[in-house]
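Next comes final-v9.csv, with CSV, C-alpha atoms.
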chain,number,residue,atom,x,y,z
A,1,MET,CA,67.0,48.8,57.8
A,2,ALA,CA,63.5,47.7,59.0
A,3,GLU,CA,63.4,45.1,61.7
A,4,ASN,CA,59.9,43.7,61.5
A,5,LYS,CA,58.8,44.8,58.0
A,6,GLY,CA,59.8,43.8,54.5
A,7,LEU,CA,62.4,45.6,52.6
A,8,ASP,CA,61.5,48.9,50.9
A,9,ILE,CA,63.3,50.9,48.3
A,10,LEU,CA,65.6,52.6,50.8
A,11,ASP,CA,66.7,49.2,52.1
A,12,TYR,CA,67.9,48.2,48.6
A,13,LEU,CA,69.6,51.5,48.2
A,14,VAL,CA,71.4,51.0,51.5
A,15,ILE,CA,72.7,47.6,50.2
A,16,VAL,CA,73.9,49.2,47.0
A,17,VAL,CA,75.7,52.0,48.9
A,18,LYS,CA,77.2,49.5,51.3
A,19,TRP,CA,78.7,47.4,48.6
A,20,LYS,CA,79.4,50.2,46.2
A,21,LYS,CA,83.1,49.6,46.0
A,22,LEU,CA,82.6,46.0,45.2
A,23,LEU,CA,80.0,46.7,42.6
A,24,LEU,CA,82.0,49.5,41.0
A,25,THR,CA,85.1,47.4,40.9
A,26,MET,CA,83.3,44.4,39.5
A,27,ALA,CA,81.6,46.6,36.8
A,28,ILE,CA,84.9,48.1,35.6
A,29,SER,CA,86.6,44.7,35.7
A,30,ILE,CA,83.9,42.9,33.9
A,31,ALA,CA,83.5,45.6,31.3
A,32,VAL,CA,87.3,45.6,30.6
A,33,VAL,CA,87.5,41.8,30.5
A,34,SER,CA,84.4,41.3,28.4
A,35,TYR,CA,85.4,44.0,25.9
A,36,LEU,CA,88.8,42.5,25.5
A,37,ALA,CA,87.4,39.0,25.2
A,38,ILE,CA,85.0,40.1,22.5
A,39,PHE,CA,87.8,42.0,20.8
A,40,ILE,CA,90.1,39.0,20.8
A,41,PHE,CA,87.8,36.0,20.5
A,42,VAL,CA,84.8,37.2,18.5
A,43,PRO,CA,85.7,37.8,14.9
A,44,ASN,CA,84.6,40.9,13.1
A,45,GLU,CA,81.9,40.5,10.4
A,46,PHE,CA,81.2,43.0,7.7
A,47,ALA,CA,77.9,43.3,5.8
A,48,ALA,CA,77.7,44.2,2.2
A,49,SER,CA,74.4,44.5,0.3
A,50,ALA,CA,73.1,44.8,-3.3
A,51,THR,CA,69.7,45.9,-4.5
A,52,ILE,CA,68.2,44.5,-7.7
A,53,VAL,CA,64.9,44.6,-9.5
A,54,PRO,CA,63.7,42.2,-12.3
A,55,SER,CA,63.8,43.4,-15.8
A,56,GLU,CA,60.5,44.3,-17.4
A,57,ASP,CA,61.0,41.7,-20.2
A,58,ASN,CA,61.9,39.0,-17.7
A,59,SER,CA,59.9,36.0,-18.9
A,60,LEU,CA,61.0,33.2,-16.7
A,61,GLY,CA,61.0,31.1,-19.9
A,62,GLY,CA,57.5,29.8,-19.5
A,63,LEU,CA,54.6,29.6,-21.9
A,64,SER,CA,53.2,32.7,-20.1
A,65,ALA,CA,56.1,34.6,-21.6
A,66,LEU,CA,55.1,33.6,-25.0
A,67,MET,CA,51.5,34.3,-24.3
A,68,LYS,CA,52.0,37.8,-22.9
A,69,ASN,CA,52.2,39.3,-26.4
A,70,VAL,CA,48.8,37.9,-27.3
A,71,SER,CA,46.5,40.7,-26.1
A,72,SER,CA,43.3,38.7,-26.6
A,73,LEU,CA,44.1,36.0,-24.1
A,74,PRO,CA,41.9,36.0,-21.0
A,75,LEU,CA,42.7,35.5,-17.3
A,76,GLY,CA,45.9,37.5,-17.3
A,77,LEU,CA,48.2,34.9,-18.8
A,78,GLY,CA,50.7,37.6,-19.9
A,79,GLY,CA,53.6,37.0,-17.5
A,80,ALA,CA,54.4,36.0,-13.9
A,81,LYS,CA,53.9,38.1,-10.8
A,82,LYS,CA,56.6,40.0,-9.1
A,83,THR,CA,56.2,38.1,-5.9
A,84,THR,CA,56.7,34.8,-7.8
A,85,GLU,CA,60.0,36.2,-9.3
A,86,MET,CA,61.2,37.3,-5.8
A,87,ASP,CA,60.5,33.8,-4.4
A,88,LEU,CA,62.5,32.3,-7.2
A,89,TYR,CA,65.4,34.6,-6.4
A,90,THR,CA,65.3,33.5,-2.8
A,91,THR,CA,65.2,29.8,-3.8
A,92,ILE,CA,68.2,30.3,-6.0
A,93,VAL,CA,70.2,32.2,-3.4
A,94,MET,CA,69.4,29.8,-0.6
A,95,SER,CA,69.9,26.6,-2.7
A,96,ARG,CA,72.6,24.1,-1.8
A,97,SER,CA,74.3,24.4,-5.2
A,98,THR,CA,74.6,28.2,-4.9
A,99,CYS,CA,76.0,28.0,-1.3
A,100,GLU,CA,78.4,25.3,-2.3
A,101,GLY,CA,79.5,27.4,-5.3
A,102,LEU,CA,80.4,30.3,-2.9
A,103,LEU,CA,82.1,27.8,-0.6
A,104,ASP,CA,84.4,26.6,-3.4
A,105,GLU,CA,84.9,29.9,-5.2
A,106,PHE,CA,86.0,31.8,-2.1
A,107,ARG,CA,87.5,28.8,-0.2
A,108,LEU,CA,85.4,29.5,2.8
A,109,ASP,CA,86.0,26.1,4.4
A,110,THR,CA,89.6,27.0,5.2
A,111,LEU,CA,88.6,30.5,6.4
A,112,TYR,CA,85.8,29.4,8.7
A,113,HIS,CA,87.2,25.9,9.5
A,114,PHE,CA,84.0,24.0,8.9
A,115,GLU,CA,84.0,20.4,10.1
A,116,ASN,CA,82.3,18.8,7.0
A,117,ARG,CA,80.6,19.7,3.8
A,118,GLU,CA,77.1,19.6,5.3
A,119,GLU,CA,78.1,22.1,8.0
A,120,ALA,CA,79.9,24.2,5.5
A,121,TRP,CA,77.0,24.9,3.1
A,122,LYS,CA,74.6,25.5,6.0
A,123,GLY,CA,77.1,27.9,7.5
A,124,VAL,CA,77.3,29.8,4.2
A,125,ARG,CA,73.6,29.9,4.1
A,126,LYS,CA,73.5,31.6,7.5
A,127,MET,CA,75.8,34.3,6.2
A,128,VAL,CA,73.2,35.4,3.6
A,129,THR,CA,70.0,37.3,4.2
A,130,VAL,CA,67.5,38.5,1.7
A,131,ASP,CA,64.6,40.9,1.9
A,132,VAL,CA,61.9,42.4,-0.4
A,133,THR,CA,61.3,46.1,0.1
A,134,ALA,CA,58.0,47.9,-0.1
A,135,GLU,CA,58.9,49.1,-3.6
A,136,ASN,CA,59.4,45.5,-4.8
A,137,ALA,CA,63.2,45.7,-4.8
A,138,TYR,CA,65.2,42.6,-3.9
A,139,VAL,CA,68.0,43.2,-1.4
A,140,ILE,CA,70.8,40.6,-0.8
A,141,GLU,CA,73.1,41.0,2.2
A,142,VAL,CA,76.2,38.9,3.0
A,143,ARG,CA,78.2,39.0,6.2
A,144,ALA,CA,81.8,37.9,6.0
A,145,ARG,CA,85.2,38.3,7.8
A,146,SER,CA,86.5,41.0,5.5
A,147,PRO,CA,84.8,43.9,3.7
A,148,GLN,CA,86.1,42.9,0.3
A,149,LEU,CA,84.9,39.3,0.8
A,150,ALA,CA,81.4,40.4,1.8
A,151,ALA,CA,81.2,42.7,-1.3
A,152,ASP,CA,82.6,40.0,-3.6
A,153,MET,CA,80.2,37.3,-2.3
A,154,THR,CA,77.2,39.6,-2.7
A,155,ASN,CA,78.0,40.5,-6.2
A,156,THR,CA,78.7,36.9,-7.0
A,157,LEU,CA,75.2,36.0,-5.7
A,158,VAL,CA,73.7,38.6,-8.0
A,159,ARG,CA,75.6,37.1,-10.9
A,160,ARG,CA,74.5,33.6,-10.0
A,161,ILE,CA,70.8,34.6,-9.9
A,162,ASN,CA,71.1,36.1,-13.3
A,163,GLU,CA,72.9,33.1,-14.8
A,164,LYS,CA,70.5,30.6,-13.2
A,165,ILE,CA,67.4,32.4,-14.5
A,166,ILE,CA,68.9,32.5,-18.0
A,167,GLU,CA,69.7,28.8,-17.7
A,168,LEU,CA,66.1,28.1,-16.6
A,169,ASN,CA,64.8,30.4,-19.4
A,170,VAL,CA,66.8,28.6,-22.0
A,171,GLY,CA,65.6,25.2,-20.7
A,172,LYS,CA,62.0,26.2,-20.6
A,173,SER,CA,62.2,27.9,-24.0
A,174,LYS,CA,63.7,24.8,-25.5
A,175,GLU,CA,60.8,22.7,-24.1
A,176,ASN,CA,58.3,25.3,-25.4
A,177,ARG,CA,60.0,25.3,-28.8
A,178,LEU,CA,59.9,21.5,-29.1
A,179,PHE,CA,56.2,21.4,-28.0
A,180,LEU,CA,55.2,24.1,-30.5
A,181,GLU,CA,57.3,22.5,-33.2
A,182,GLN,CA,55.5,19.2,-32.7
A,183,ARG,CA,52.1,21.0,-32.7
A,184,SER,CA,52.9,22.9,-35.8
A,185,VAL,CA,53.8,19.7,-37.6
A,186,GLU,CA,50.6,18.1,-36.5
A,187,ILE,CA,48.5,21.1,-37.5
A,188,ARG,CA,50.2,21.2,-40.9
A,189,ASP,CA,49.5,17.5,-41.5
A,190,HIS,CA,45.9,17.9,-40.5
A,191,LEU,CA,45.6,21.0,-42.7
A,192,LYS,CA,46.9,19.1,-45.7
A,193,LYS,CA,44.4,16.3,-45.2
A,194,ALA,CA,41.6,18.8,-44.7
A,195,GLU,CA,42.6,20.6,-47.9
A,196,ASP,CA,42.8,17.4,-49.9
A,197,SER,CA,39.4,16.3,-48.6
A,198,LEU,CA,37.9,19.6,-49.6
A,199,LYS,CA,39.5,19.5,-53.0
A,200,TRP,CA,38.2,15.9,-53.6
A,201,TYR,CA,34.7,16.9,-52.5
A,202,GLN,CA,34.7,20.0,-54.8
A,203,SER,CA,35.9,18.0,-57.8
A,204,THR,CA,33.5,15.0,-57.3
A,205,GLN,CA,30.4,16.9,-56.1
A,206,GLY,CA,30.7,20.0,-58.2
A,207,VAL,CA,30.6,22.2,-55.1
A,208,ILE,CA,33.2,24.9,-55.7
A,209,GLU,CA,32.0,27.7,-53.4
A,210,ALA,CA,28.9,26.6,-51.7
A,211,LYS,CA,27.6,29.9,-50.5
A,212,GLU,CA,27.8,31.6,-53.9
A,213,GLN,CA,26.6,28.5,-55.7
A,214,VAL,CA,23.5,28.3,-53.5
A,215,LYS,CA,22.7,31.9,-54.1
A,216,ALA,CA,23.2,31.5,-57.9
A,217,THR,CA,21.1,28.3,-57.9
A,218,LEU,CA,18.2,29.9,-56.0
A,219,SER,CA,18.4,33.0,-58.3
A,220,ALA,CA,18.3,30.7,-61.4
A,221,LEU,CA,15.4,28.7,-59.9
A,222,ILE,CA,13.4,31.9,-59.2
A,223,ASP,CA,14.1,33.2,-62.8
A,224,LEU,CA,13.1,29.9,-64.4
A,225,GLU,CA,9.9,29.6,-62.4
A,226,SER,CA,9.0,33.2,-63.2
A,227,GLN,CA,9.6,32.6,-67.0
A,228,LEU,CA,7.6,29.3,-66.8
A,229,ALA,CA,4.7,31.1,-65.2
A,230,VAL,CA,4.8,33.6,-68.0
A,231,LYS,CA,4.9,30.9,-70.7
A,232,GLU,CA,2.0,29.1,-69.1
A,233,VAL,CA,0.0,32.3,-69.2
A,234,GLU,CA,0.9,32.8,-72.8
A,235,LEU,CA,-0.1,29.1,-73.6
A,236,ALA,CA,-3.5,29.7,-72.0
A,237,LEU,CA,-4.0,32.9,-74.1
A,238,VAL,CA,-2.9,31.2,-77.3
A,239,LYS,CA,-5.3,28.3,-76.7
A,240,LYS,CA,-8.2,30.6,-76.1
A,241,VAL,CA,-7.4,32.9,-79.1
A,242,TYR,CA,-6.2,30.4,-81.7
A,243,GLY,CA,-7.4,27.0,-80.4
A,244,GLU,CA,-5.5,23.8,-79.6
A,245,GLU,CA,-5.1,22.9,-83.2
A,246,SER,CA,-3.2,26.0,-84.2
A,247,PRO,CA,0.5,26.1,-84.8
A,248,GLN,CA,0.8,29.0,-82.4
A,249,PHE,CA,-0.5,26.8,-79.6
A,250,ALA,CA,2.0,24.0,-80.6
A,251,ASN,CA,4.9,26.5,-80.4
A,252,ALA,CA,3.7,27.7,-77.0
A,253,GLN,CA,3.5,24.1,-75.8
A,254,VAL,CA,7.1,23.5,-76.9
A,255,SER,CA,8.2,26.6,-75.1
A,256,VAL,CA,6.4,25.5,-71.8
A,257,ARG,CA,8.0,22.0,-72.1
A,258,GLU,CA,11.5,23.4,-72.5
A,259,PHE,CA,11.2,25.6,-69.4
A,260,THR,CA,9.6,22.8,-67.5
A,261,SER,CA,12.5,20.5,-68.5
A,262,LYS,CA,15.1,23.1,-67.5
A,263,LEU,CA,13.4,23.7,-64.1
A,264,ASP,CA,13.2,19.9,-63.5
A,265,GLY,CA,16.8,19.5,-64.5
A,266,LEU,CA,17.8,22.3,-62.1
A,267,LYS,CA,15.9,20.7,-59.2
A,268,LYS,CA,17.4,17.3,-59.8
A,269,GLY,CA,20.8,18.3,-60.9
A,270,LYS,CA,20.7,16.4,-64.2
A,271,ASP,CA,23.6,18.4,-65.7
A,272,PRO,CA,26.8,17.3,-64.0
A,273,THR,CA,28.9,20.0,-65.7
A,274,ALA,CA,26.7,22.9,-64.5
A,275,LEU,CA,27.9,25.1,-61.6
A,276,LEU,CA,24.4,25.3,-60.2
A,277,LEU,CA,23.5,22.8,-57.5
A,278,ALA,CA,20.6,20.4,-57.5
A,279,ILE,CA,17.9,21.9,-55.4
A,280,ASP,CA,17.0,18.7,-53.6
A,281,LYS,CA,20.7,18.1,-52.7
A,282,ILE,CA,21.6,21.6,-51.6
A,283,PRO,CA,21.3,20.9,-47.8
A,284,VAL,CA,23.5,17.8,-47.8
A,285,LYS,CA,26.1,19.1,-50.2
A,286,ALA,CA,26.3,22.5,-48.6
A,287,LEU,CA,26.5,20.9,-45.1
A,288,ASN,CA,29.4,18.6,-46.1
A,289,TYR,CA,31.1,21.4,-47.9
A,290,PHE,CA,31.0,23.7,-44.9
A,291,ARG,CA,32.2,20.9,-42.6
A,292,LEU,CA,35.2,20.4,-44.8
A,293,PHE,CA,35.8,24.1,-45.2
A,294,ARG,CA,35.6,24.6,-41.5
A,295,GLU,CA,38.4,22.1,-40.8
A,296,VAL,CA,40.6,23.9,-43.3
A,297,GLU,CA,39.8,27.3,-41.7
A,298,ILE,CA,40.4,26.0,-38.1
A,299,SER,CA,43.7,24.5,-39.1
A,300,ASN,CA,44.7,27.7,-40.8
A,301,LYS,CA,43.8,29.8,-37.7
A,302,LEU,CA,45.8,27.4,-35.4
A,303,LEU,CA,48.8,27.6,-37.7
A,304,GLU,CA,48.6,31.4,-37.7
A,305,PHE,CA,48.5,31.3,-33.9
A,306,ILE,CA,51.3,28.7,-33.4
A,307,ILE,CA,53.9,30.0,-35.9
A,308,PRO,CA,54.6,33.3,-34.1
A,309,LEU,CA,54.8,31.5,-30.7
A,310,TYR,CA,57.2,29.0,-32.3
A,311,GLU,CA,59.4,31.7,-33.7
A,312,GLN,CA,59.4,33.5,-30.4
A,313,ALA,CA,60.3,30.3,-28.5
A,314,LYS,CA,63.3,29.8,-30.9
A,315,PHE,CA,64.4,33.4,-30.1
A,316,GLU,CA,64.0,32.9,-26.3
A,317,GLU,CA,66.0,29.8,-26.5
A,318,LYS,CA,69.0,31.7,-27.9
A,319,LYS,CA,68.6,34.8,-25.8
A,320,GLN,CA,71.3,35.5,-23.2
A,321,THR,CA,70.4,39.0,-22.2
A,322,PRO,CA,70.6,40.0,-18.5
A,323,ILE,CA,67.4,39.4,-16.5
A,324,LEU,CA,68.2,41.6,-13.5
A,325,GLN,CA,68.6,45.3,-13.2
A,326,VAL,CA,71.2,46.1,-10.5
A,327,ILE,CA,70.2,49.3,-8.7
A,328,ASP,CA,73.1,49.2,-6.1
A,329,GLU,CA,76.1,46.9,-6.5
A,330,ALA,CA,77.7,45.7,-3.3
A,331,VAL,CA,80.8,47.7,-2.2
A,332,PRO,CA,83.2,46.9,0.7
A,333,PRO,CA,81.7,48.4,3.9
A,334,ILE,CA,83.8,50.7,6.1
A,335,LYS,CA,82.3,49.8,9.5
A,336,ARG,CA,81.8,46.3,10.8
A,337,ALA,CA,78.3,44.9,11.3
A,338,TYR,CA,79.2,42.5,14.1
A,339,PRO,CA,80.0,42.3,16.9
A,340,LYS,CA,78.5,45.4,18.6
A,341,ARG,CA,81.3,45.5,21.3
A,342,VAL,CA,79.9,48.3,23.4
A,343,LEU,CA,76.4,46.9,23.4
A,344,MET,CA,77.5,43.4,24.2
A,345,THR,CA,79.9,44.6,26.9
A,346,ALA,CA,77.1,46.7,28.5
A,347,ILE,CA,74.8,43.6,28.4
A,348,ILE,CA,77.4,41.3,30.0
A,349,THR,CA,78.4,43.9,32.6
A,350,GLY,CA,74.8,44.8,33.5
A,351,SER,CA,73.7,41.2,33.7
A,352,THR,CA,76.6,40.3,35.9
A,353,ILE,CA,76.1,43.2,38.3
A,354,MET,CA,72.4,42.4,38.5
A,355,VAL,CA,73.1,38.8,39.5
A,356,THR,CA,75.7,40.0,42.0
A,357,LEU,CA,73.3,42.5,43.4
A,358,VAL,CA,70.6,39.9,43.9
A,359,CYS,CA,73.2,37.7,45.7
A,360,LEU,CA,74.1,40.6,48.0
A,361,ILE,CA,70.5,41.3,48.8
A,362,GLY,CA,70.0,37.6,49.6
A,363,ILE,CA,73.0,37.7,51.9
A,364,GLU,CA,71.8,40.8,53.6
A,365,VAL,CA,68.2,39.6,54.0
A,366,PHE,CA,68.9,36.0,55.1
A,367,GLY,CA,72.2,36.6,56.9
A,368,ARG,CA,71.7,39.8,58.9
A,369,SER,CA,68.0,40.5,59.2
A,370,THR,CA,66.3,40.1,62.6
A,371,ASN,CA,62.8,39.9,61.1
A,372,PRO,CA,61.1,37.0,62.8
A,373,ARG,CA,59.9,35.5,59.6
A,374,ILE,CA,63.3,35.7,57.9
A,375,VAL,CA,64.9,34.3,61.1
A,376,PHE,CA,62.5,31.4,61.0
A,377,ILE,CA,63.2,30.7,57.3
A,378,ARG,CA,67.0,30.8,58.0
A,379,GLN,CA,66.7,28.5,60.9
A,380,GLU,CA,64.5,26.0,59.0
A,381,LEU,CA,66.8,26.1,55.9
A,382,PHE,CA,69.9,25.2,58.0
A,383,ARG,CA,68.2,23.0,60.6
A,384,PHE,CA,69.5,19.8,58.9
A,385,ARG,CA,73.0,20.8,60.0
A,386,GLU,CA,72.0,20.8,63.7
A,387,ARG,CA,70.5,17.3,63.3
A,388,ARG,CA,73.8,16.0,62.2

structure tokens encoding of this file:
Amino acid sequence: MAENKGLDILDYLVIVVKWKKLLLTMAISIAVVSYLAIFIFVPNEFAASATIVPSEDNSLGGLSALMKNVSSLPLGLGGAKKTTEMDLYTTIVMSRSTCEGLLDEFRLDTLYHFENREEAWKGVRKMVTVDVTAENAYVIEVRARSPQLAADMTNTLVRRINEKIIELNVGKSKENRLFLEQRSVEIRDHLKKAEDSLKWYQSTQGVIEAKEQVKATLSALIDLESQLAVKEVELALVKKVYGEESPQFANAQVSVREFTSKLDGLKKGKDPTALLLAIDKIPVKALNYFRLFREVEISNKLLEFIIPLYEQAKFEEKKQTPILQVIDEAVPPIKRAYPKRVLMTAIITGSTIMVTLVCLIGIEVFGRSTNPRIVFIRQELFRFRERR
């Protein structure tokens, strides 16, 4: 070993060879003892997993489920995203109620000897792991003391997710149904009032169908004015040919007066029984009519939209179909998942040997080396003993 230089790789090798029997004995002893200790004191854990995917018609009971069948809706209101559903699954699995349900159903408090209820449900939570695969499948894994227990707990969690989502769906669907029911009653009431107002206006103002009546009125107006123009021409011709004192002129004057009276009556609406509208009142009557007619049409459209949603909400409220598709059910595993005895033994043995080797190197360097610097360090470290 070098006298005046630091240690090199050969010096370390010399120390290992020198203490090879001790190191080998320790390695074997520690390996045997640690393996037996792990075997005896560390309980076995078995992992069982199940793979599920959400059903295509999973609606999560919200209004988006009712809206997804309405293709004209914007902004993609037709259903929830897969990631949101997976987050909901995780929330259900890791919830306190679910963990306490497993605790009570499988009597885990007696098996794992939890000190209190708080520690118990947290301990159950640590036994469960969840993961979402790249293919959007949801994987639940449970570790337990026996293979059958791990499989049963995993399958129970899958069942609990399905039951909880159905429960949430029913609750949400009931809220939706009550909301839509109330809205349909309001719309029906508003529709009845709008229809009554339109009927009253039609009966009192003589406006039955404004669009057609306006067309008919304008057509009649044009026809009367055309005929009046012809009669006025005839009157002028009769006056010129026969004179103002002739009976032909008098008859022509009567004809012109009749057409003028009819045209005046049409413009002012003097005949209340006529279906034609008064020309001077067409803008106001037509506007009021179309306002009332619009309220009726809007209420009808709303009712046409609400009724299918209301019927679907009633159906969703009663629906108890499974929400999840189970790809792989959990089965009792053959091999344990924990502890990895060989790996743990190797880590313990290797760590212990490394610590022992460092101690041996320290002993060799500080106890037997003649290197002046190391001698100085050793003398200074233990000088307090000489002072005593």

- Atom pair CA of Pro332 (chain A) / CA of Ala151 (chain A): separation (Å): 5.1 Å

- Task: Figure out the distance between CA of Thr349 (chain A) and CA of Ala27 (chain A), please, to one decimal in Å.
- Result: 5.9 Å

- Query: So how many Å separate CA of Val142 (chain A) and CA of Arg117 (chain A), to one decimal?
  - Reply: 19.7 Å

- Message: If we count only C-alpha atoms and set the cut-off at 9 Å, which residues sit around Leu292 (chain A), ignoring sequence neighbours fewer than 3 positions away in its own chain? Please answer as a PyMOL selection string.
- Response: chain A and resi 194-195+197-198+201+287-289+295-297

- Item | Shell of 8 Å around Ile348 (chain A), all atoms listed in the file, local chain residues under 2 positions omitted, as a ChimeraX atom specification | /A:30-31,34,344-346,350-352

- Message: Env of Leu22 (chain A): 12 Å cut, atoms = all atoms listed in the file, seq-sep filter 6 positions within chain, self excluded. Answer as a PyMOL selection string.
- Response: chain A and resi 15-16+28-30+353+356-357+360

Based on the selection just made, write C-alpha atoms of those residues as a compact mmCIF listing (two decimals), keeping the file's coordinate frame.
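Contents of again-v5.txt, as written:
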# COMPACT_ATOMS: atom_id res chain seq x y z
CA ILE A 15 72.70 47.60 50.20
CA VAL A 16 73.90 49.20 47.00
CA ILE A 28 84.90 48.10 35.60
CA SER A 29 86.60 44.70 35.70
CA ILE A 30 83.90 42.90 33.90
CA ILE A 353 76.10 43.20 38.30
CA THR A 356 75.70 40.00 42.00
CA LEU A 357 73.30 42.50 43.40
CA LEU A 360 74.10 40.60 48.00

- Note on the structure: Among A:Tyr89, A:Phe315, A:Phe293, A:Tyr338, Glu163 (chain A) is approached most closely, using all atoms listed in the file, by A:Tyr89

- For Met127 (chain A), which residue out of A:Ile161, A:Ala48, A:Ala229, A:Leu180 is the nearest one, using all atoms listed in the file? A:Ala48
